file work-v9.txt (compact mmCIF, C-alpha atoms)
# COMPACT_ATOMS: atom_id res chain seq x y z
CA GLN A 1 120.63 176.52 109.76
CA ILE A 2 120.06 175.16 106.26
CA ASP A 3 123.03 173.88 104.26
CA TYR A 4 122.56 174.04 100.51
CA THR A 5 124.49 173.48 97.29
CA SER A 6 123.65 173.67 93.61
CA ASP A 7 125.57 172.59 90.48
CA ASP A 8 124.13 175.24 88.16
CA SER A 9 123.11 178.41 89.98
CA LEU A 10 121.68 179.92 93.14
CA VAL A 11 119.51 183.05 92.91
CA MET A 12 118.46 184.96 96.04
CA TRP A 13 115.80 187.67 95.86
CA GLY A 14 115.16 190.48 98.33
CA ASN A 15 111.66 189.16 99.08
CA GLY A 16 113.06 186.21 101.07
CA ALA A 17 113.12 183.65 98.26
CA ALA A 18 116.06 181.57 97.08
CA TYR A 19 116.12 179.42 93.94
CA LEU A 20 118.49 176.50 93.33
CA TYR A 21 118.87 175.23 89.77
CA GLY A 22 120.63 172.05 88.62
CA LYS A 23 121.10 169.25 91.16
CA GLY A 24 120.22 171.26 94.24
CA ASP A 25 120.89 169.71 97.64
CA ILE A 26 119.42 170.96 100.93
CA THR A 27 120.23 169.58 104.38
CA TYR A 28 118.33 170.65 107.50
CA LYS A 29 118.83 168.63 110.73
CA ASP A 30 118.01 165.01 109.76
CA ILE A 31 116.30 166.03 106.47
CA ASN A 32 117.99 165.84 103.08
CA LEU A 33 116.33 166.98 99.84
CA THR A 34 117.80 166.75 96.35
CA ALA A 35 116.15 167.96 93.11
CA ASP A 36 116.92 169.82 89.88
CA TYR A 37 114.74 172.78 90.94
CA ILE A 38 114.30 173.97 94.54
CA ARG A 39 112.62 177.15 95.82
CA VAL A 40 113.07 178.17 99.46
CA LYS A 41 110.77 180.81 100.99
CA ILE A 42 112.71 181.96 104.04
CA ASP A 43 109.86 184.01 105.58
CA SER A 44 107.34 181.15 105.58
CA SER A 45 109.92 178.32 106.03
CA THR A 46 108.59 176.43 103.01
CA ILE A 47 110.57 174.48 100.46
CA TYR A 48 109.18 173.61 97.03
CA SER A 49 111.04 171.19 94.78
CA ALA A 50 110.33 169.65 91.41
CA GLY A 51 111.91 167.57 88.72
CA VAL A 52 112.52 168.89 85.24
CA TYR A 53 110.60 167.32 82.34
CA ASP A 54 112.59 166.96 79.10
CA SER A 55 110.06 167.21 76.26
CA ILE A 56 112.49 165.84 73.69
CA THR A 57 113.26 162.55 75.45
CA GLU A 58 109.91 162.63 77.30
CA GLU A 59 111.60 161.79 80.61
CA TRP A 60 111.81 163.40 84.04
CA HIS A 61 115.25 164.41 85.30
CA GLY A 62 116.31 165.35 88.81
CA ARG A 63 113.07 164.39 90.54
CA PRO A 64 112.94 165.32 94.24
CA VAL A 65 114.27 162.72 96.65
CA PHE A 66 113.33 163.45 100.26
CA LYS A 67 115.16 161.55 103.02
CA GLN A 68 114.37 161.80 106.70
CA GLY A 69 116.03 159.27 108.95
CA GLU A 70 115.59 155.86 107.32
CA ASP A 71 112.58 156.87 105.19
CA SER A 72 113.11 157.91 101.58
CA TYR A 73 110.52 159.28 99.13
CA GLU A 74 110.88 160.01 95.42
CA SER A 75 108.31 162.21 93.69
CA TYR A 76 107.62 164.58 90.77
CA GLU A 77 107.09 167.61 93.00
CA MET A 78 106.76 168.38 96.69
CA SER A 79 106.22 171.22 99.12
CA TYR A 80 107.58 170.95 102.67
CA ASN A 81 107.10 173.25 105.67
CA LEU A 82 110.10 173.26 108.03
CA GLN A 83 108.11 174.58 111.01
CA THR A 84 105.11 172.24 110.90
CA LYS A 85 107.14 169.32 109.41
CA ARG A 86 104.32 168.58 106.96
CA ALA A 87 104.60 168.01 103.24
CA PHE A 88 102.34 167.82 100.21
CA VAL A 89 103.70 165.51 97.53
CA ARG A 90 102.62 164.70 93.96
CA HIS A 91 103.31 161.18 92.63
CA VAL A 92 105.32 159.80 95.54
CA VAL A 93 107.06 156.41 95.35
CA THR A 94 108.23 154.67 98.52
CA GLU A 95 109.26 151.12 99.31
CA GLN A 96 107.45 149.60 102.28
CA GLY A 97 108.18 146.01 103.25
CA GLU A 98 108.15 143.81 100.16
CA GLY A 99 106.04 146.20 98.06
CA TYR A 100 105.91 149.72 96.75
CA ILE A 101 103.42 152.47 97.50
CA ILE A 102 102.77 154.88 94.62
CA ALA A 103 100.36 157.73 95.33
CA ASP A 104 99.14 160.62 93.18
CA LYS A 105 98.38 163.07 95.99
CA THR A 106 99.94 162.60 99.41
CA LYS A 107 100.06 164.63 102.59
CA ILE A 108 102.91 163.67 104.92
CA MET A 109 102.12 164.52 108.53
CA ASP A 110 104.62 165.61 111.20
CA ASN A 111 104.71 162.09 112.73
CA GLY A 112 105.58 160.52 109.34
CA ASP A 113 102.12 159.14 108.51
CA MET A 114 101.06 159.56 104.89
CA MET A 115 97.48 160.33 103.83
CA MET A 116 97.02 159.23 100.22
CA ALA A 117 94.51 159.78 97.44
CA GLY A 118 94.77 157.80 94.22
CA GLY A 119 97.33 155.32 95.53
CA LYS A 120 98.66 152.02 94.26
CA TYR A 121 100.17 149.09 96.15
CA THR A 122 102.33 146.81 94.02
CA THR A 123 105.33 144.51 94.11
CA CYS A 124 106.22 145.38 90.48
CA ASP A 125 109.54 147.21 90.00
CA ASP A 126 108.21 149.45 87.19
CA HIS A 127 106.98 152.43 89.25
CA ASP A 128 105.82 154.64 86.37
CA HIS A 129 103.66 151.92 84.80
CA PRO A 130 103.21 148.85 87.05
CA HIS A 131 101.89 145.66 85.41
CA PHE A 132 99.60 144.83 88.34
CA TYR A 133 98.54 146.69 91.45
CA LEU A 134 95.84 147.22 93.99
CA GLN A 135 94.26 150.61 93.25
CA ILE A 136 93.62 152.41 96.54
CA THR A 137 91.13 155.28 96.28
CA LYS A 138 92.19 156.69 99.66
CA GLY A 139 94.40 155.38 102.40
CA LYS A 140 96.82 155.92 105.25
CA LEU A 141 100.39 154.64 105.37
CA ARG A 142 102.24 154.30 108.66
CA PRO A 143 105.84 153.71 107.48
CA GLY A 144 107.23 150.40 108.67
CA LYS A 145 103.92 149.47 110.35
CA ASN A 146 100.90 149.16 108.03
CA VAL A 147 98.76 150.48 105.20
CA THR A 148 95.05 151.04 105.78
CA SER A 149 92.82 151.83 102.82
CA GLY A 150 89.27 152.63 101.93
CA PRO A 151 87.71 151.18 98.79
CA ALA A 152 90.26 149.34 96.63
CA TYR A 153 90.21 147.16 93.53
CA LEU A 154 92.66 144.97 91.60
CA VAL A 155 94.12 146.14 88.26
CA VAL A 156 96.09 143.81 85.97
CA GLY A 157 97.57 145.10 82.69
CA ASP A 158 95.60 148.38 82.94
CA VAL A 159 92.35 146.42 83.12
CA PRO A 160 90.36 146.92 86.34
CA LEU A 161 89.05 143.59 87.55
CA PRO A 162 85.65 143.30 89.25
CA ILE A 163 87.38 142.32 92.49
CA ALA A 164 86.91 145.07 95.04
CA VAL A 165 87.28 145.38 98.78
CA PRO A 166 85.60 148.07 100.88
CA PHE A 167 88.47 148.09 103.39
CA ALA A 168 92.04 146.76 103.30
CA PHE A 169 94.80 146.43 105.90
CA PHE A 170 98.38 145.50 104.93
CA PRO A 171 100.82 144.93 107.80
CA MET A 172 104.48 145.68 107.01
CA THR A 173 106.70 143.05 108.62
CA ASN A 174 110.13 141.61 107.90
CA THR A 175 109.16 138.11 109.02
CA TYR A 176 107.60 135.52 106.74
CA SER A 177 104.23 133.99 107.58
CA SER A 178 101.46 132.30 105.67
CA GLY A 179 97.97 131.02 106.27
CA LEU A 180 94.41 132.22 106.49
CA ILE A 181 93.43 134.80 109.08
CA MET A 182 89.81 134.51 110.06
CA PRO A 183 87.93 137.77 110.72

call {"tool": "encode", "arguments": {"input": "work-v9.txt", "output": "structure tokens"}}
result
Amino acid sequence: QIDYTSDDSLVMWGNGAAYLYGKGDITYKDINLTADYIRVKIDSSTIYSAGVYDSITEEWHGRPVFKQGEDSYESYEMSYNLQTKRAFVRHVVTEQGEGYIIADKTKIMDNGDMMMAGGKYTTCDDHDHPHFYLQITKGKLRPGKNVTSGPAYLVVGDVPLPIAVPFAFFPMTNTYSSGLIMP
């Protein structure tokens, strides 16, 4: 059973598709999804949601916010399959530990792991245009546990620095520690 509401309108077609316009809200078991535009394909159990871009103010409104348990993800658009519990997300922002993960293309697996391409790890609060970040070409995020990445490099003020690492591992802990860890 899927519970849904919409502030503007709800359109259901005979081909098994339902469209929610204007602050749509869908709840399914422990999953909650809110967005300004939501399309539900009942036959294939897929949900597509997107924010609405206002060309006059040049801002996004009603971007999808996906919540499952304690995890929360904000993005520009996403597609989620209710049967396989997998999602494909464009421009996802999630807070992990003391930093933020921003990824251009992300696949969320059924166990919650996120496979990223074109990701950024930063502690800057400006998610749309961070002042400094570690550019991750590809990586894997295990929420609440760690981030593992392939080639990565440091970017400060939109200037890539010649500091690169072939492999990076960021543990996500709530305890404070300092010091040098020898390989």

call {"tool": "residues_around", "arguments": {"input": "work-v9.txt", "residues": "Pro130 (chain A)", "least_positions_apart": "6", "cutoff": "10 Å", "atoms": "all atoms listed in the file", "output": "list in words"}}
result
Ile102, Lys120, Tyr121, Thr122, Thr123, Cys124, Val155, Val156, Gly157 and Asp158 of chain A

call {"tool": "closest_residue", "arguments": {"input": "work-v9.txt", "among": "A:Asp54, A:Asp104, A:Asp110, A:Asp125", "to": "Val92 (chain A)", "atoms": "all atoms listed in the file"}}
result
A:Asp104

call {"tool": "atom_distance", "arguments": {"input": "work-v9.txt", "atom1": "CA of Leu10 (chain A)", "atom2": "CA of Lys67 (chain A)"}}
result
21.9 Å

call {"tool": "residues_near_point", "arguments": {"input": "work-v9.txt", "point": "(117.6, 177.3, 87.4)", "cutoff": "10 Å", "atoms": "only C-alpha atoms", "output": "PDB file with C-alpha atoms, in the coordinates of the input"}}
result
ATOM      1  CA  SER A   6     123.650 173.670  93.610  1.00  0.00           C
ATOM      2  CA  ASP A   7     125.570 172.590  90.480  1.00  0.00           C
ATOM      3  CA  ASP A   8     124.130 175.240  88.160  1.00  0.00           C
ATOM      4  CA  SER A   9     123.110 178.410  89.980  1.00  0.00           C
ATOM      5  CA  LEU A  10     121.680 179.920  93.140  1.00  0.00           C
ATOM      6  CA  VAL A  11     119.510 183.050  92.910  1.00  0.00           C
ATOM      7  CA  TYR A  19     116.120 179.420  93.940  1.00  0.00           C
ATOM      8  CA  LEU A  20     118.490 176.500  93.330  1.00  0.00           C
ATOM      9  CA  TYR A  21     118.870 175.230  89.770  1.00  0.00           C
ATOM     10  CA  GLY A  22     120.630 172.050  88.620  1.00  0.00           C
ATOM     11  CA  LYS A  23     121.100 169.250  91.160  1.00  0.00           C
ATOM     12  CA  GLY A  24     120.220 171.260  94.240  1.00  0.00           C
ATOM     13  CA  ASP A  36     116.920 169.820  89.880  1.00  0.00           C
ATOM     14  CA  TYR A  37     114.740 172.780  90.940  1.00  0.00           C
ATOM     15  CA  ILE A  38     114.300 173.970  94.540  1.00  0.00           C
ATOM     16  CA  ARG A  39     112.620 177.150  95.820  1.00  0.00           C
TER      17      ARG A  39
END

call {"tool": "axis_aligned_box", "arguments": {"input": "work-v9.txt", "around": "region 83-97 of chain A", "padding_each_side": "5 Å", "output": "AutoDock Vina command-line options"}}
result
--center_x 105.8 --center_y 160.3 --center_z 101.8 --size_x 16.9 --size_y 38.6 --size_z 28.4

call {"tool": "atom_distance", "arguments": {"input": "work-v9.txt", "atom1": "CA of Lys107 (chain A)", "atom2": "CA of Tyr133 (chain A)"}}
result
21.2 Å

call {"tool": "atom_distance", "arguments": {"input": "work-v9.txt", "atom1": "CA of Pro166 (chain A)", "atom2": "CA of Met116 (chain A)"}}
result
16.0 Å

call {"tool": "closest_residue", "arguments": {"input": "work-v9.txt", "among": "A:Thr84, A:Gln96, A:Gln1, A:Thr106", "to": "Lys145 (chain A)", "atoms": "all atoms listed in the file"}}
result
A:Gln96

call {"tool": "residues_around", "arguments": {"input": "work-v9.txt", "residues": "region 60-66 of chain A", "least_positions_apart": "3", "cutoff": "8 Å", "atoms": "all atoms listed in the file", "output": "list in words"}}
result
Gly22, Lys23, Ile31, Asn32, Leu33, Thr34, Ala35, Asp36, Tyr37, Ser49, Ala50, Gly51, Val52, Tyr53, Asp54, Ser72, Tyr73, Glu74, Ser75, Tyr76, Glu77 and Met78 of chain A

call {"tool": "residues_around", "arguments": {"input": "work-v9.txt", "residues": "Leu161 (chain A)", "least_positions_apart": "6", "cutoff": "12 Å", "atoms": "all atoms listed in the file", "output": "PDB file with C-alpha atoms, keeping the file's coordinate frame"}}
result
ATOM      1  CA  PHE A 132      99.600 144.830  88.340  1.00  0.00           C
ATOM      2  CA  TYR A 133      98.540 146.690  91.450  1.00  0.00           C
ATOM      3  CA  LEU A 134      95.840 147.220  93.990  1.00  0.00           C
ATOM      4  CA  GLN A 135      94.260 150.610  93.250  1.00  0.00           C
ATOM      5  CA  ALA A 152      90.260 149.340  96.630  1.00  0.00           C
ATOM      6  CA  TYR A 153      90.210 147.160  93.530  1.00  0.00           C
ATOM      7  CA  LEU A 154      92.660 144.970  91.600  1.00  0.00           C
ATOM      8  CA  VAL A 155      94.120 146.140  88.260  1.00  0.00           C
TER       9      VAL A 155
END

call {"tool": "residues_near_point", "arguments": {"input": "work-v9.txt", "point": "(100.7, 159.4, 106.5)", "cutoff": "12 Å", "atoms": "all atoms listed in the file", "output": "PyMOL selection string"}}
result
chain A and resi 86-89+92+94+101+103+105-117+138-149

call {"tool": "write_last_selection", "arguments": {"input": "work-v9.txt", "atoms": "C-alpha atoms", "output": "mmCIF file, keeping the file's coordinate frame"}}
result
data_model
loop_
_atom_site.group_PDB
_atom_site.id
_atom_site.type_symbol
_atom_site.label_atom_id
_atom_site.label_comp_id
_atom_site.auth_asym_id
_atom_site.auth_seq_id
_atom_site.Cartn_x
_atom_site.Cartn_y
_atom_site.Cartn_z
ATOM 1 C CA ARG A 86 104.320 168.580 106.960
ATOM 2 C CA ALA A 87 104.600 168.010 103.240
ATOM 3 C CA PHE A 88 102.340 167.820 100.210
ATOM 4 C CA VAL A 89 103.700 165.510 97.530
ATOM 5 C CA VAL A 92 105.320 159.800 95.540
ATOM 6 C CA THR A 94 108.230 154.670 98.520
ATOM 7 C CA ILE A 101 103.420 152.470 97.500
ATOM 8 C CA ALA A 103 100.360 157.730 95.330
ATOM 9 C CA LYS A 105 98.380 163.070 95.990
ATOM 10 C CA THR A 106 99.940 162.600 99.410
ATOM 11 C CA LYS A 107 100.060 164.630 102.590
ATOM 12 C CA ILE A 108 102.910 163.670 104.920
ATOM 13 C CA MET A 109 102.120 164.520 108.530
ATOM 14 C CA ASP A 110 104.620 165.610 111.200
ATOM 15 C CA ASN A 111 104.710 162.090 112.730
ATOM 16 C CA GLY A 112 105.580 160.520 109.340
ATOM 17 C CA ASP A 113 102.120 159.140 108.510
ATOM 18 C CA MET A 114 101.060 159.560 104.890
ATOM 19 C CA MET A 115 97.480 160.330 103.830
ATOM 20 C CA MET A 116 97.020 159.230 100.220
ATOM 21 C CA ALA A 117 94.510 159.780 97.440
ATOM 22 C CA LYS A 138 92.190 156.690 99.660
ATOM 23 C CA GLY A 139 94.400 155.380 102.400
ATOM 24 C CA LYS A 140 96.820 155.920 105.250
ATOM 25 C CA LEU A 141 100.390 154.640 105.370
ATOM 26 C CA ARG A 142 102.240 154.300 108.660
ATOM 27 C CA PRO A 143 105.840 153.710 107.480
ATOM 28 C CA GLY A 144 107.230 150.400 108.670
ATOM 29 C CA LYS A 145 103.920 149.470 110.350
ATOM 30 C CA ASN A 146 100.900 149.160 108.030
ATOM 31 C CA VAL A 147 98.760 150.480 105.200
ATOM 32 C CA THR A 148 95.050 151.040 105.780
ATOM 33 C CA SER A 149 92.820 151.830 102.820
#

call {"tool": "residues_around", "arguments": {"input": "work-v9.txt", "residues": "Ile47 (chain A)", "least_positions_apart": "3", "cutoff": "6 Å", "atoms": "only C-alpha atoms", "output": "list in words"}}
result
Arg39, Val40, Ser79 and Tyr80 of chain A

call {"tool": "write_last_selection", "arguments": {"input": "work-v9.txt", "atoms": "C-alpha atoms", "output": "compact mmCIF listing (two decimals), keeping the file's coordinate frame"}}
result
# COMPACT_ATOMS: atom_id res chain seq x y z
CA ARG A 39 112.62 177.15 95.82
CA VAL A 40 113.07 178.17 99.46
CA SER A 79 106.22 171.22 99.12
CA TYR A 80 107.58 170.95 102.67
